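Enquirer: Starting off with a structure, shown below.
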Amino acid sequence: MASSTPKSDPTDEELMDAYVDGDEAAFRVLFERYAPILLRLTRRHLRDDELAEEIVQQTFFRLHGARNDFRRGSKLRPWVMTIAMNLVREHWRRTKRRKMTSLEVETQAAPEADFMPLELRQRSELLHVALEKLPTSQREVVELHWFQERPYAEVAQIVGTSEGAVRVRAHRAYSTLKQLLVLEIRGDE
Amino acid sequence: MTSGSKRPETDLGERLRELDAPESPGNAELMERMFCNVKAECEQSDRSIRGFFRSRSTMARRAIVLSVFAVLAVVGWFAFPLVGDQARTVQWTISLVTFCVLLVIAMFMVTRPVHLPALPRWQSLCLVCIALGATVLAAFWPHPAAQAATHDHGGSVMAGACMGVGLLLGIPVYALLRLVDRGNALGSLVAAAAAGVAGNFVLKAHCAVPGTSHELLGHASVAVLFVLGLGLVHRFVPAK
């Protein structure tokens, strides 16, 4: 098996092609590129570091298993995001965690809370709680559209619905979040 | 700004950005540990038969399953005697075709690529219910009574034998579908339903014992046992 990466600063797709052809080093580069993104994504969704790490690892394990399905010319990012979101959704289904009370949610540690200033941590906590109140379908869209900066068309591809439906979900989610934040600010005053 | 997207207003945007917490020190160590875990798991999987099947392309996995189904069907069709001419009614043909269609649908569901959005749970549950319903419905389309004269078996004994044969035949189908499944939600239950349907297909094609009660006890029960049995296993022994 070859052990060198294809060339300097290759694209994700070039790396994946190289990995499919047997270049193990390309998998490592892909991991270094995507694991931090996925870890932030899963931590925001699950608010459990250990579980988030497990899901990121499972995402790459599944990517490895599905590598022969990757076609030249395809985009890798939607692939990876879809696998991760499927795993997160499956986790919610299994644990039915969405039915937890907001009190239970608030008692959990915010991700990487130790490294954030107190005020920012509190604001982050409130935002997390606000995000928790969104339906899963809307939350996924906020995650992919806002945090991952994916266009609506790609978000639609990842969550498996139409672009129009994604726009509607995003609009509703942002409106709900804004309302929640207004309530929060009034509460502070 | 991402093309084709409309971001929320600045205030909300800033607040959302706050959730992107700074990376903690020691992140490199964490990444290294995670990568080592992934590598170890991949290498272990590559050495197993299951890993071999799962890492084939979706087209290859589907071709493998369809080939195995086809070989089993052809061998079974010619190696063992089919039901008599009188029993080959329109209902009998419809039952066999329905079982085939259900098997193919189950195969497509189980081999669905993981990079596509997961199918909703209701679709899998719907297939399982239809599979069970089809096997029960087929039992109400028994062979003509004339066939009864040619078979002098004890009904309950034969029902037990049919059930045993159906369960035995369904096991390889279940095992094959689990081998090619990359971890779809409810894949185990769909494979169990497919195994039950496969058992019913063979029994319907070859068993000439007439009577609704026999088919309910000996044939339809195969699918029910597969689904309930593996459903319970799935319920109380959750997958990793």
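We name chains A, B, ... following the order of the structure tokens; residues begin at 1 in each chain, and ligands are numbered from 1 as shown.
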For Leu132 in chain B, work out the shell of residues within 9 Å, counting only C-alpha atoms and skipping chain neighbours fewer than 5 positions away, then give it as a list in words.
Expert: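 Answer for this query is Leu127, Leu137, Ala193, Gly196, Val197, Ala220, Ala223, Val224 and Val227 of chain B.
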Enquirer: Generate a file of the selected residues that holds N, CA and C atoms, formatted as a PDB file, in the first residue's frame.
Expert:
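So again.pdb came out as:
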ATOM      1  N   LEU B 127     -42.894  -2.112   6.072  1.00  0.00           N
ATOM      2  CA  LEU B 127     -42.492  -3.304   5.322  1.00  0.00           C
ATOM      3  C   LEU B 127     -42.663  -4.557   6.180  1.00  0.00           C
ATOM      4  N   LEU B 137     -52.178 -13.587   4.947  1.00  0.00           N
ATOM      5  CA  LEU B 137     -53.163 -13.562   3.861  1.00  0.00           C
ATOM      6  C   LEU B 137     -52.988 -14.777   2.949  1.00  0.00           C
ATOM      7  N   ALA B 193     -37.859  -9.981   8.854  1.00  0.00           N
ATOM      8  CA  ALA B 193     -39.085 -10.092   8.049  1.00  0.00           C
ATOM      9  C   ALA B 193     -38.770 -10.759   6.712  1.00  0.00           C
ATOM     10  N   GLY B 196     -38.389 -14.447   7.166  1.00  0.00           N
ATOM     11  CA  GLY B 196     -39.708 -15.069   7.294  1.00  0.00           C
ATOM     12  C   GLY B 196     -40.398 -15.210   5.947  1.00  0.00           C
ATOM     13  N   VAL B 197     -40.277 -14.183   5.131  1.00  0.00           N
ATOM     14  CA  VAL B 197     -40.897 -14.210   3.801  1.00  0.00           C
ATOM     15  C   VAL B 197     -40.217 -15.265   2.919  1.00  0.00           C
ATOM     16  N   ALA B 220     -47.160 -19.200   8.126  1.00  0.00           N
ATOM     17  CA  ALA B 220     -47.172 -17.791   8.573  1.00  0.00           C
ATOM     18  C   ALA B 220     -46.425 -17.626   9.897  1.00  0.00           C
ATOM     19  N   ALA B 223     -42.708 -16.403   9.755  1.00  0.00           N
ATOM     20  CA  ALA B 223     -42.435 -14.957   9.690  1.00  0.00           C
ATOM     21  C   ALA B 223     -42.672 -14.297  11.043  1.00  0.00           C
ATOM     22  N   VAL B 224     -43.756 -14.725  11.696  1.00  0.00           N
ATOM     23  CA  VAL B 224     -44.084 -14.135  13.004  1.00  0.00           C
ATOM     24  C   VAL B 224     -42.965 -14.436  14.009  1.00  0.00           C
ATOM     25  N   VAL B 227     -39.819 -12.330  13.233  1.00  0.00           N
ATOM     26  CA  VAL B 227     -39.963 -10.907  13.577  1.00  0.00           C
ATOM     27  C   VAL B 227     -40.050 -10.720  15.091  1.00  0.00           C
TER      28      VAL B 227
END
Enquirer: Determine which residues of range 47-87 of chain B receive a DSSP assignment of alpha helix (DSSP H), computed from the backbone, and state them as an NGL selection string.
Expert: :B and (49-54 or 58-79)
Enquirer: Separation of CA of Met16 in chain A and CA of Phe60 in chain A, in Å?
Expert: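 Answer for the CA of Met16 in chain A to CA of Phe60 in chain A separation: 12.0 Å.
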Enquirer: So that I can see what lies close to Asp12 in chain A, please list as a PyMOL selection string the residues with an atom at most 9 Å from it, counting only C-alpha atoms and leaving out residues fewer than 6 positions away in the same chain.
Expert: chain A and resi 29-30+33+75-77
Enquirer: Let's have the selection written as a compact mmCIF listing (two decimals), in the first residue's frame, with C-alpha atoms.
Expert:
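Written output follows (again-v2.txt):
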# COMPACT_ATOMS: atom_id res chain seq x y z
CA VAL A 29 -5.49 13.80 6.53
CA LEU A 30 -9.23 13.47 6.04
CA ARG A 33 -9.75 17.88 8.51
CA LYS A 75 -18.51 15.94 -3.03
CA LEU A 76 -17.18 14.41 0.17
CA ARG A 77 -18.54 16.88 2.72
